[in-house]
Structures are given as structure tokens and as C-alpha cells.
Amino acid sequence: MDYKSSGVDIEAGYKSVELMKSSIKETMRPEVLGGIGGFAGAFDLSGIKDMDDPVLLSGTDGCGTKVKLAFVMDKHDTIGIDAVAMCVNDIACSGGEPLFFLDYIACGKNYPEKIATIVSGVAEGCKQSGAALVGGETAEHPGLMPEDDYDLAGFAVGVVDRKDLITGENIKPGDKLIGIASSGVHSNGFSLVRKVFDMTKESLDTYYDELGTTLGEALIAPTRIYVKALKNVKDAGVTVKGCSHITGGGFYENIPRMLPDGVKAIVSKSSYDIPPIFGLLQDVGGIDEEMMYATYNMGLGMIIAVDPSDVEKTMAAIEAAGDKAYEVGHIEAGDKEAVLVD
């Protein structure tokens with residue numbers, strides 16, 4: 001009897017690490033100390049000494065049941081982007097710069113090439129956000145998970161000068177709301193997606209004219225990373241008063257999280273382009289419109305509040321980062337809530 005006969009292949013773990021090293025190396029920042037494979041990731045913080053009052057930010061999240069889609073499609077090179085995006089977007093939402101990221105993969109069986117492919121997506125997300133991939137863990141769980149299944153989660157650390165923290169406390173009536181386009185469903189609401197559509201290869205390989213692609217490709221499109229867009233806005237001299245990352249809970253839960261007491265956000269549903277995947281999801285599933293906005297990002301991955309005088313400058317900075325921006329609403333006096341209008 002040995003460890004391998006119990007279902008844990010240590011040699012496969014070694015091979016996974018070797019295969020992923022080249023991807024990880026591409027994410028390195030000058031502050032990373034040591035090589036790949038140590039017991040802890042080391043990151044030199046001396047570079048933040050020029051900040052007046054540095055504040056560390058952190059975020060942790062996973063991809064939810066979107067990983068089921070990756071299983072059926074046997075496509076594992078983008079799900080890691082989702083894991084990174086969910087964490088670094090939260091850090092950017094507070095005005096911070098992501099510094100480093102760690103991933104955690106739990107699997108039924110370690111297939112080194114598959115694990116390396118997953119990590120290549122994690123590395124791509126780190127490159128898009130400027131974060132270093134300083135470590136991670138691949139845990140083999142025989143008997144607990146089916147051999148072909150895995151789950152992926154991550155943890156990110158960032159930094160912001162206290163004076164640049166986005167708190168929402170200065171939002172006032174008359175401020176404008178700018179939405180940044182999403183790439184699709186992102187990584188929330190997939191339990192409902194899987195109830196609406198058959199999660200079979202045949203179903204996911206079906207081409208839809210309204211989508212311009214197959215159902216599977218539309219659904220698995222990785223979560224958009226907004227770090228560069230928000231950095232561009234800051235560098236343009238704009239003060240972002242409030243920022244909401246539209247994740248699980250959609251508009252109704254997430255927008256109020258950035259609001260102070262005494263104001264409400266008015267969002268016009270007709271002010272921006274809603275990706276066709278949401279229309280298809282609503283029609284096929286017979287989902288009420290309010291439930292759609294309470295579950296999905298509906299085409300806006302981030303919503304920020306700025307002074308009216310900064311609208312044009314903000315939108316130009318977002319567009320320069322390669323993202324699409326829309327003026328989607330405004331702030332009024334009222335209860336702390338999101339109100340959607342036609």
C-alpha cells in the first residue's frame with residue numbers, strides 16, 4: 001500500500017508544477033522575491049513607502065458553478081481568468097492596485113496537463129491586472145470529488161493610499177453614473193444558467209445567429225478585468241466617488257453597496273447595449289425581468305459615480321483602456337437603493 005494507490009499521485013503534482021512554471025514566470029513583478037515552489041510567496045513592500053498612508057486591500061472568490069461549463073466543453077484555459085477577475089476587480093473597486101495573487105485548485109485527480117492549462121488562465125488574468133502569481137496549491141481529493149472534476153478559487157492582495165480609497169461617502173444628488181461593459185454573464189448566476197440550458201456538448205456547441213457564436217462560447221467568455229480602466233480614470237485626474245462591481249445579486253444588491261445614506265441610484269435600462277446572451281437566457285428560461293437584474297450584470301460589469309463635470313474625461317479614459325463606457329444614470333436624494341427605469 002502506498003499514497004498513489006489511495007488516489008493521490010505526488011509525481012503528477014511535481015509534473016503539474018513543472019508544466020505551469022513558464023506561465024507563472026510571465027506574471028512576475030520586480031517586487032517578487034525568490035523563485036517558484038517555495039513554501040510562501042514573498043513580496044517586497046518597500047515600493048509603497050512613497051505613499052502617504054498605504055492601506056492593504058484583499059479579495060477572495062471563486063468561479064462558482066461556471067466550472068461545470070468548462071468540464072462539459074473540455075475547455076480549461078480561460079476559467080482561471082474568471083478566478084483572478086473576481087478578486088482583482090473587487091480591489092480595483094476600492095481604488096487599489098492588485099499586487100499579487102494565489103490560486104487554489106481542488107481536483108478529484110491531478111491530470112498535470114489540465115492543471116497547467118487552468119493555471120495558464122490564472123496567469124493570463126494576472127498579466128491583465130498587473131498582479132504577480134506568487135503561489136498556489138493543487139489538492140487532489142480522491143473519493144471526495146469525481147476524477148474529472150475540479151474547483152478553482154483565488155486570493156489577491158492590493159494596496160491603495162488612504163486618500164485614494166473609493167468609499168462612496170461623498171456621492172451626492174446630481175452625480176452621474178458611468179457603466180463599463182461586461183463580456184457577458186461573467187461568473188455569477190450559473191446555477192440558474194444550468195437550469196435554463198442543457199449542459200451537454202451538443203447544446204453548448206449549438207450556434208445561435210443572435211449570439212454570433214455557439215452557446216458555449218458565449219457563456220464561457222471570461223470575466224472582464226477592469227483594473228486598467230479604473231487606473232486610467234484615476235490617472236486622468238478624475239475622482240471616482242463610488243464604484244460597484246456588478247456580481248452576484250446584480251444591480252439591486254451591488255449598486256446600493258457604494259451609496260451613502262440619503263441617496264439613490266437611478267439607472268436607465270435603455271442607456272446601453274445589453275448583450276444578446278441575456279435576452280436568450282431570459283426568453284428560454286421564462287425569467288422575469290426584475291429577476292434578471294437581480295441576478296446578472298446585464299451587460300455592465302462595473303458602475304462608477306463621478307461628478308458631472310468629469311463624465312467626458314471618465315468615458316475617454318475607460319475607452320482608452322479598451323473598454324466600452326456608457327453614461328447610464330444619476331444620483332438623486334432618497335432611500336439607499338437602485339431604481340431601474342426604461
# chains A, B, ... in the order shown; residues from 1 in each chain; ligands from 1
>>> residues_around(residues="A:Leu211", least_positions_apart="6", cutoff="12 Å", atoms="only C-alpha atoms", output="ChimeraX atom specification")
/A:184,217-219,274-281
>>> residues_around(residues="stretch 189-198 of chain A", least_positions_apart="4", cutoff="10 Å", atoms="only C-alpha atoms", output="PyMOL selection string")
chain A and resi 63-69+185+202-204+215+219+247-250+280-287+292+294-297
>>> residues_around(residues="A:Gly35", least_positions_apart="3", cutoff="10 Å", atoms="only C-alpha atoms", output="compact mmCIF listing (two decimals) with C-alpha atoms, in the first residue's frame")
# COMPACT_ATOMS: atom_id res chain seq x y z
CA LYS A 21 6.28 27.40 -14.41
CA LYS A 25 7.09 33.35 -14.81
CA MET A 28 6.46 38.24 -12.20
CA VAL A 32 8.60 39.20 -6.05
CA GLY A 38 8.74 27.90 -2.05
CA GLY A 41 5.23 33.74 -1.78
CA ALA A 42 7.45 36.67 -0.81
CA VAL A 134 3.32 34.22 -6.31
CA GLY A 135 2.00 30.82 -5.31
>>> atom_distance(atom1="atom CA of A:Ile255", atom2="atom CA of A:Cys243")
8.1 Å
>>> closest_residue(among="A:Asp307, A:Glu312, A:Glu124, A:Glu137", to="A:Thr27", atoms="only C-alpha atoms")
A:Glu124
>>> select_by_dssp(residues="stretch 52-147 of chain A", states="helix (DSSP H, G or I)", output="PyMOL selection string")
chain A and resi 66-73+79-93+112-129
>>> write_last_selection(atoms="N, CA and C atoms", output="short mmCIF file (atom, residue, chain, number, x, y, z; two decimals), in the first residue's frame")
data_model
loop_
_atom_site.label_atom_id
_atom_site.label_comp_id
_atom_site.auth_asym_id
_atom_site.auth_seq_id
_atom_site.Cartn_x
_atom_site.Cartn_y
_atom_site.Cartn_z
N LYS A 66 -19.63 27.91 -12.77
CA LYS A 66 -19.18 28.08 -14.15
C LYS A 66 -18.16 27.01 -14.52
N VAL A 67 -17.49 26.44 -13.51
CA VAL A 67 -16.52 25.38 -13.80
C VAL A 67 -17.19 24.18 -14.47
N LYS A 68 -18.49 23.96 -14.18
CA LYS A 68 -19.21 22.86 -14.82
C LYS A 68 -19.21 23.02 -16.34
N LEU A 69 -19.31 24.25 -16.78
CA LEU A 69 -19.28 24.55 -18.21
C LEU A 69 -17.94 24.14 -18.80
N ALA A 70 -16.87 24.44 -18.08
CA ALA A 70 -15.53 24.07 -18.54
C ALA A 70 -15.39 22.55 -18.65
N PHE A 71 -16.00 21.82 -17.71
CA PHE A 71 -15.94 20.35 -17.76
C PHE A 71 -16.58 19.83 -19.04
N VAL A 72 -17.82 20.30 -19.30
CA VAL A 72 -18.57 19.78 -20.44
C VAL A 72 -17.89 20.15 -21.75
N MET A 73 -17.38 21.39 -21.85
CA MET A 73 -16.74 21.84 -23.08
C MET A 73 -15.29 21.36 -23.19
N ILE A 79 -10.95 29.73 -17.53
CA ILE A 79 -11.64 29.76 -16.24
C ILE A 79 -10.76 30.42 -15.18
N GLY A 80 -9.43 30.33 -15.36
CA GLY A 80 -8.52 30.99 -14.43
C GLY A 80 -8.61 32.51 -14.49
N ILE A 81 -8.92 33.04 -15.67
CA ILE A 81 -9.11 34.49 -15.80
C ILE A 81 -10.28 34.92 -14.92
N ASP A 82 -11.34 34.10 -14.91
CA ASP A 82 -12.51 34.40 -14.08
C ASP A 82 -12.12 34.48 -12.61
N ALA A 83 -11.33 33.52 -12.16
CA ALA A 83 -10.94 33.49 -10.74
C ALA A 83 -10.17 34.75 -10.35
N VAL A 84 -9.25 35.16 -11.22
CA VAL A 84 -8.47 36.37 -10.94
C VAL A 84 -9.37 37.59 -10.99
N ALA A 85 -10.21 37.68 -12.02
CA ALA A 85 -11.07 38.85 -12.20
C ALA A 85 -11.96 39.10 -11.00
N MET A 86 -12.55 38.05 -10.46
CA MET A 86 -13.47 38.21 -9.35
C MET A 86 -12.77 38.82 -8.13
N CYS A 87 -11.50 38.56 -7.97
CA CYS A 87 -10.74 39.08 -6.83
C CYS A 87 -10.18 40.47 -7.11
N VAL A 88 -9.51 40.64 -8.24
CA VAL A 88 -8.84 41.92 -8.51
C VAL A 88 -9.83 43.03 -8.83
N ASN A 89 -10.98 42.69 -9.40
CA ASN A 89 -11.98 43.72 -9.65
C ASN A 89 -12.50 44.31 -8.34
N ASP A 90 -12.62 43.48 -7.31
CA ASP A 90 -13.04 43.99 -6.01
C ASP A 90 -12.00 44.94 -5.43
N ILE A 91 -10.73 44.63 -5.62
CA ILE A 91 -9.66 45.50 -5.14
C ILE A 91 -9.67 46.82 -5.91
N ALA A 92 -9.81 46.73 -7.23
CA ALA A 92 -9.87 47.94 -8.05
C ALA A 92 -11.08 48.79 -7.68
N CYS A 93 -12.16 48.14 -7.28
CA CYS A 93 -13.39 48.82 -6.91
C CYS A 93 -13.19 49.73 -5.69
N PRO A 112 -1.82 16.47 -14.93
CA PRO A 112 -0.87 17.59 -15.00
C PRO A 112 -1.12 18.57 -16.14
N GLU A 113 -1.42 18.06 -17.33
CA GLU A 113 -1.63 18.96 -18.47
C GLU A 113 -2.88 19.82 -18.26
N LYS A 114 -3.95 19.23 -17.69
CA LYS A 114 -5.16 20.01 -17.42
C LYS A 114 -4.89 21.08 -16.36
N ILE A 115 -4.21 20.70 -15.29
CA ILE A 115 -3.89 21.66 -14.23
C ILE A 115 -3.04 22.81 -14.78
N ALA A 116 -2.08 22.47 -15.60
CA ALA A 116 -1.22 23.51 -16.19
C ALA A 116 -2.02 24.44 -17.08
N THR A 117 -3.00 23.90 -17.80
CA THR A 117 -3.85 24.72 -18.65
C THR A 117 -4.70 25.67 -17.81
N ILE A 118 -5.26 25.16 -16.71
CA ILE A 118 -6.03 26.02 -15.81
C ILE A 118 -5.16 27.16 -15.30
N VAL A 119 -3.95 26.84 -14.87
CA VAL A 119 -3.04 27.85 -14.32
C VAL A 119 -2.61 28.85 -15.39
N SER A 120 -2.55 28.41 -16.64
CA SER A 120 -2.21 29.36 -17.71
C SER A 120 -3.26 30.46 -17.81
N GLY A 121 -4.53 30.09 -17.53
CA GLY A 121 -5.58 31.10 -17.50
C GLY A 121 -5.45 32.02 -16.30
N VAL A 122 -5.07 31.46 -15.16
CA VAL A 122 -4.82 32.27 -13.97
C VAL A 122 -3.70 33.28 -14.27
N ALA A 123 -2.64 32.79 -14.90
CA ALA A 123 -1.52 33.67 -15.25
C ALA A 123 -1.94 34.78 -16.20
N GLU A 124 -2.81 34.45 -17.15
CA GLU A 124 -3.29 35.47 -18.09
C GLU A 124 -4.09 36.54 -17.34
N GLY A 125 -4.92 36.13 -16.41
CA GLY A 125 -5.66 37.10 -15.61
C GLY A 125 -4.73 37.97 -14.79
N CYS A 126 -3.67 37.38 -14.27
CA CYS A 126 -2.69 38.15 -13.51
C CYS A 126 -1.99 39.17 -14.40
N LYS A 127 -1.65 38.77 -15.62
CA LYS A 127 -1.00 39.70 -16.54
C LYS A 127 -1.93 40.86 -16.88
N GLN A 128 -3.21 40.56 -17.10
CA GLN A 128 -4.17 41.61 -17.43
C GLN A 128 -4.34 42.61 -16.29
N SER A 129 -4.17 42.15 -15.06
CA SER A 129 -4.38 43.01 -13.90
C SER A 129 -3.09 43.55 -13.30
#
>>> residues_around(residues="stretch 321-332 of chain A", least_positions_apart="3", cutoff="10 Å", atoms="only C-alpha atoms", output="count of residues only")
57
>>> closest_residue(among="A:Thr167, A:Glu319, A:Lys313, A:Gly47", to="A:Gly237", atoms="only C-alpha atoms")
A:Lys313
>>> residues_around(residues="stretch 144-148 of chain A", least_positions_apart="6", cutoff="9 Å", atoms="only C-alpha atoms", output="ChimeraX atom specification")
/A:71,106-111
>>> write_last_selection(atoms="N, CA and C atoms", output="mmCIF file, in the first residue's frame")
data_model
loop_
_atom_site.group_PDB
_atom_site.id
_atom_site.type_symbol
_atom_site.label_atom_id
_atom_site.label_comp_id
_atom_site.auth_asym_id
_atom_site.auth_seq_id
_atom_site.Cartn_x
_atom_site.Cartn_y
_atom_site.Cartn_z
ATOM 1 N N PHE A 71 -16.000 21.818 -17.708
ATOM 2 C CA PHE A 71 -15.941 20.353 -17.756
ATOM 3 C C PHE A 71 -16.579 19.834 -19.039
ATOM 4 N N ALA A 106 -8.769 22.446 -6.271
ATOM 5 C CA ALA A 106 -9.103 21.152 -5.681
ATOM 6 C C ALA A 106 -9.598 20.256 -6.806
ATOM 7 N N CYS A 107 -9.070 19.062 -6.907
ATOM 8 C CA CYS A 107 -9.442 18.181 -8.019
ATOM 9 C C CYS A 107 -9.615 16.744 -7.535
ATOM 10 N N GLY A 108 -10.415 15.993 -8.289
ATOM 11 C CA GLY A 108 -10.577 14.582 -7.981
ATOM 12 C C GLY A 108 -9.337 13.784 -8.324
ATOM 13 N N LYS A 109 -8.705 14.155 -9.440
ATOM 14 C CA LYS A 109 -7.467 13.516 -9.870
ATOM 15 C C LYS A 109 -6.609 14.563 -10.560
ATOM 16 N N ASN A 110 -5.328 14.545 -10.275
ATOM 17 C CA ASN A 110 -4.409 15.512 -10.863
ATOM 18 C C ASN A 110 -3.960 15.031 -12.243
ATOM 19 N N TYR A 111 -4.511 15.685 -13.256
ATOM 20 C CA TYR A 111 -4.037 15.480 -14.619
ATOM 21 C C TYR A 111 -3.115 16.659 -14.924
#
>>> atom_distance(atom1="atom CA of A:Val240", atom2="atom CA of A:Leu165")
9.2 Å
>>> closest_residue(among="A:Ser16, A:Ser22, A:Thr78, A:Thr239", to="A:Gly168", atoms="only C-alpha atoms")
A:Thr239
>>> closest_residue(among="A:Arg29, A:His76, A:His141, A:Lys49", to="A:Pro98", atoms="only C-alpha atoms")
A:Arg29
>>> select_by_dssp(residues="stretch 174-315 of chain A", states="strand (DSSP E)", output="ChimeraX atom specification")
/A:176-181,207-208,213-214,242-245,263-268,300-306
>>> atom_distance(atom1="atom CA of A:Asp103", atom2="atom CA of A:Asp74")
20.2 Å
>>> residues_around(residues="A:Phe43", least_positions_apart="2", cutoff="10 Å", atoms="only C-alpha atoms", output="PyMOL selection string")
chain A and resi 29-34+40-41+45-46+99-100+132+134
>>> closest_residue(among="A:Ala236, A:Ala131, A:Leu152, A:Met51", to="A:Ile105", atoms="only C-alpha atoms")
A:Leu152
>>> decode(residues="stretch 80-122 of chain A", atoms="N, CA and C atoms", output="PDB file, in the first residue's frame")
ATOM      1  N   GLY A  80      -9.433  30.333 -15.360  1.00  0.00           N
ATOM      2  CA  GLY A  80      -8.518  30.993 -14.425  1.00  0.00           C
ATOM      3  C   GLY A  80      -8.610  32.506 -14.493  1.00  0.00           C
ATOM      4  N   ILE A  81      -8.918  33.040 -15.669  1.00  0.00           N
ATOM      5  CA  ILE A  81      -9.111  34.493 -15.797  1.00  0.00           C
ATOM      6  C   ILE A  81     -10.280  34.919 -14.918  1.00  0.00           C
ATOM      7  N   ASP A  82     -11.342  34.099 -14.907  1.00  0.00           N
ATOM      8  CA  ASP A  82     -12.506  34.399 -14.082  1.00  0.00           C
ATOM      9  C   ASP A  82     -12.121  34.480 -12.608  1.00  0.00           C
ATOM     10  N   ALA A  83     -11.327  33.517 -12.156  1.00  0.00           N
ATOM     11  CA  ALA A  83     -10.942  33.488 -10.742  1.00  0.00           C
ATOM     12  C   ALA A  83     -10.170  34.750 -10.353  1.00  0.00           C
ATOM     13  N   VAL A  84      -9.254  35.157 -11.217  1.00  0.00           N
ATOM     14  CA  VAL A  84      -8.473  36.367 -10.942  1.00  0.00           C
ATOM     15  C   VAL A  84      -9.373  37.593 -10.988  1.00  0.00           C
ATOM     16  N   ALA A  85     -10.211  37.681 -12.018  1.00  0.00           N
ATOM     17  CA  ALA A  85     -11.070  38.853 -12.203  1.00  0.00           C
ATOM     18  C   ALA A  85     -11.959  39.104 -11.000  1.00  0.00           C
ATOM     19  N   MET A  86     -12.547  38.048 -10.464  1.00  0.00           N
ATOM     20  CA  MET A  86     -13.466  38.214  -9.346  1.00  0.00           C
ATOM     21  C   MET A  86     -12.775  38.820  -8.132  1.00  0.00           C
ATOM     22  N   CYS A  87     -11.496  38.555  -7.973  1.00  0.00           N
ATOM     23  CA  CYS A  87     -10.739  39.078  -6.834  1.00  0.00           C
ATOM     24  C   CYS A  87     -10.178  40.469  -7.107  1.00  0.00           C
ATOM     25  N   VAL A  88      -9.512  40.640  -8.243  1.00  0.00           N
ATOM     26  CA  VAL A  88      -8.839  41.922  -8.507  1.00  0.00           C
ATOM     27  C   VAL A  88      -9.826  43.032  -8.827  1.00  0.00           C
ATOM     28  N   ASN A  89     -10.981  42.691  -9.400  1.00  0.00           N
ATOM     29  CA  ASN A  89     -11.984  43.723  -9.649  1.00  0.00           C
ATOM     30  C   ASN A  89     -12.504  44.314  -8.339  1.00  0.00           C
ATOM     31  N   ASP A  90     -12.623  43.482  -7.313  1.00  0.00           N
ATOM     32  CA  ASP A  90     -13.045  43.990  -6.007  1.00  0.00           C
ATOM     33  C   ASP A  90     -12.004  44.944  -5.430  1.00  0.00           C
ATOM     34  N   ILE A  91     -10.729  44.627  -5.620  1.00  0.00           N
ATOM     35  CA  ILE A  91      -9.660  45.502  -5.141  1.00  0.00           C
ATOM     36  C   ILE A  91      -9.669  46.821  -5.909  1.00  0.00           C
ATOM     37  N   ALA A  92      -9.809  46.732  -7.228  1.00  0.00           N
ATOM     38  CA  ALA A  92      -9.865  47.945  -8.050  1.00  0.00           C
ATOM     39  C   ALA A  92     -11.076  48.789  -7.683  1.00  0.00           C
ATOM     40  N   CYS A  93     -12.163  48.139  -7.281  1.00  0.00           N
ATOM     41  CA  CYS A  93     -13.391  48.819  -6.909  1.00  0.00           C
ATOM     42  C   CYS A  93     -13.189  49.729  -5.693  1.00  0.00           C
ATOM     43  N   SER A  94     -12.181  49.425  -4.889  1.00  0.00           N
ATOM     44  CA  SER A  94     -11.854  50.258  -3.728  1.00  0.00           C
ATOM     45  C   SER A  94     -10.761  51.269  -4.049  1.00  0.00           C
ATOM     46  N   GLY A  95     -10.334  51.323  -5.310  1.00  0.00           N
ATOM     47  CA  GLY A  95      -9.310  52.273  -5.723  1.00  0.00           C
ATOM     48  C   GLY A  95      -7.903  51.720  -5.676  1.00  0.00           C
ATOM     49  N   GLY A  96      -7.764  50.408  -5.432  1.00  0.00           N
ATOM     50  CA  GLY A  96      -6.442  49.824  -5.223  1.00  0.00           C
ATOM     51  C   GLY A  96      -5.796  49.229  -6.451  1.00  0.00           C
ATOM     52  N   GLU A  97      -4.513  48.963  -6.311  1.00  0.00           N
ATOM     53  CA  GLU A  97      -3.717  48.270  -7.325  1.00  0.00           C
ATOM     54  C   GLU A  97      -3.450  46.848  -6.842  1.00  0.00           C
ATOM     55  N   PRO A  98      -3.866  45.818  -7.591  1.00  0.00           N
ATOM     56  CA  PRO A  98      -3.545  44.447  -7.195  1.00  0.00           C
ATOM     57  C   PRO A  98      -2.029  44.218  -7.241  1.00  0.00           C
ATOM     58  N   LEU A  99      -1.496  43.591  -6.217  1.00  0.00           N
ATOM     59  CA  LEU A  99      -0.056  43.323  -6.147  1.00  0.00           C
ATOM     60  C   LEU A  99       0.261  41.873  -6.469  1.00  0.00           C
ATOM     61  N   PHE A 100      -0.412  40.955  -5.794  1.00  0.00           N
ATOM     62  CA  PHE A 100      -0.126  39.541  -6.058  1.00  0.00           C
ATOM     63  C   PHE A 100      -1.366  38.686  -5.838  1.00  0.00           C
ATOM     64  N   PHE A 101      -1.295  37.465  -6.353  1.00  0.00           N
ATOM     65  CA  PHE A 101      -2.436  36.552  -6.386  1.00  0.00           C
ATOM     66  C   PHE A 101      -1.956  35.139  -6.068  1.00  0.00           C
ATOM     67  N   LEU A 102      -2.793  34.372  -5.394  1.00  0.00           N
ATOM     68  CA  LEU A 102      -2.553  32.956  -5.164  1.00  0.00           C
ATOM     69  C   LEU A 102      -3.803  32.188  -5.573  1.00  0.00           C
ATOM     70  N   ASP A 103      -3.613  31.016  -6.163  1.00  0.00           N
ATOM     71  CA  ASP A 103      -4.762  30.209  -6.564  1.00  0.00           C
ATOM     72  C   ASP A 103      -4.828  28.915  -5.753  1.00  0.00           C
ATOM     73  N   TYR A 104      -6.018  28.343  -5.727  1.00  0.00           N
ATOM     74  CA  TYR A 104      -6.234  27.049  -5.070  1.00  0.00           C
ATOM     75  C   TYR A 104      -7.106  26.197  -5.974  1.00  0.00           C
ATOM     76  N   ILE A 105      -6.577  25.048  -6.369  1.00  0.00           N
ATOM     77  CA  ILE A 105      -7.304  24.117  -7.228  1.00  0.00           C
ATOM     78  C   ILE A 105      -7.516  22.819  -6.450  1.00  0.00           C
ATOM     79  N   ALA A 106      -8.769  22.446  -6.271  1.00  0.00           N
ATOM     80  CA  ALA A 106      -9.103  21.152  -5.681  1.00  0.00           C
ATOM     81  C   ALA A 106      -9.598  20.256  -6.806  1.00  0.00           C
ATOM     82  N   CYS A 107      -9.070  19.062  -6.907  1.00  0.00           N
ATOM     83  CA  CYS A 107      -9.442  18.181  -8.019  1.00  0.00           C
ATOM     84  C   CYS A 107      -9.615  16.744  -7.535  1.00  0.00           C
ATOM     85  N   GLY A 108     -10.415  15.993  -8.289  1.00  0.00           N
ATOM     86  CA  GLY A 108     -10.577  14.582  -7.981  1.00  0.00           C
ATOM     87  C   GLY A 108      -9.337  13.784  -8.324  1.00  0.00           C
ATOM     88  N   LYS A 109      -8.705  14.155  -9.440  1.00  0.00           N
ATOM     89  CA  LYS A 109      -7.467  13.516  -9.870  1.00  0.00           C
ATOM     90  C   LYS A 109      -6.609  14.563 -10.560  1.00  0.00           C
ATOM     91  N   ASN A 110      -5.328  14.545 -10.275  1.00  0.00           N
ATOM     92  CA  ASN A 110      -4.409  15.512 -10.863  1.00  0.00           C
ATOM     93  C   ASN A 110      -3.960  15.031 -12.243  1.00  0.00           C
ATOM     94  N   TYR A 111      -4.511  15.685 -13.256  1.00  0.00           N
ATOM     95  CA  TYR A 111      -4.037  15.480 -14.619  1.00  0.00           C
ATOM     96  C   TYR A 111      -3.115  16.659 -14.924  1.00  0.00           C
ATOM     97  N   PRO A 112      -1.817  16.467 -14.932  1.00  0.00           N
ATOM     98  CA  PRO A 112      -0.872  17.587 -14.998  1.00  0.00           C
ATOM     99  C   PRO A 112      -1.124  18.573 -16.136  1.00  0.00           C
ATOM    100  N   GLU A 113      -1.420  18.060 -17.330  1.00  0.00           N
ATOM    101  CA  GLU A 113      -1.631  18.956 -18.467  1.00  0.00           C
ATOM    102  C   GLU A 113      -2.878  19.824 -18.255  1.00  0.00           C
ATOM    103  N   LYS A 114      -3.952  19.232 -17.688  1.00  0.00           N
ATOM    104  CA  LYS A 114      -5.163  20.011 -17.420  1.00  0.00           C
ATOM    105  C   LYS A 114      -4.892  21.078 -16.360  1.00  0.00           C
ATOM    106  N   ILE A 115      -4.207  20.701 -15.292  1.00  0.00           N
ATOM    107  CA  ILE A 115      -3.894  21.661 -14.226  1.00  0.00           C
ATOM    108  C   ILE A 115      -3.041  22.806 -14.776  1.00  0.00           C
ATOM    109  N   ALA A 116      -2.077  22.466 -15.601  1.00  0.00           N
ATOM    110  CA  ALA A 116      -1.218  23.510 -16.186  1.00  0.00           C
ATOM    111  C   ALA A 116      -2.021  24.443 -17.083  1.00  0.00           C
ATOM    112  N   THR A 117      -3.004  23.896 -17.795  1.00  0.00           N
ATOM    113  CA  THR A 117      -3.854  24.722 -18.651  1.00  0.00           C
ATOM    114  C   THR A 117      -4.705  25.670 -17.812  1.00  0.00           C
ATOM    115  N   ILE A 118      -5.260  25.165 -16.712  1.00  0.00           N
ATOM    116  CA  ILE A 118      -6.032  26.021 -15.807  1.00  0.00           C
ATOM    117  C   ILE A 118      -5.162  27.165 -15.296  1.00  0.00           C
ATOM    118  N   VAL A 119      -3.946  26.842 -14.875  1.00  0.00           N
ATOM    119  CA  VAL A 119      -3.042  27.855 -14.321  1.00  0.00           C
ATOM    120  C   VAL A 119      -2.605  28.847 -15.392  1.00  0.00           C
ATOM    121  N   SER A 120      -2.547  28.410 -16.640  1.00  0.00           N
ATOM    122  CA  SER A 120      -2.210  29.359 -17.713  1.00  0.00           C
ATOM    123  C   SER A 120      -3.262  30.458 -17.806  1.00  0.00           C
ATOM    124  N   GLY A 121      -4.528  30.095 -17.528  1.00  0.00           N
ATOM    125  CA  GLY A 121      -5.583  31.101 -17.497  1.00  0.00           C
ATOM    126  C   GLY A 121      -5.448  32.021 -16.304  1.00  0.00           C
ATOM    127  N   VAL A 122      -5.074  31.459 -15.155  1.00  0.00           N
ATOM    128  CA  VAL A 122      -4.818  32.268 -13.967  1.00  0.00           C
ATOM    129  C   VAL A 122      -3.704  33.276 -14.270  1.00  0.00           C
TER     130      VAL A 122
END
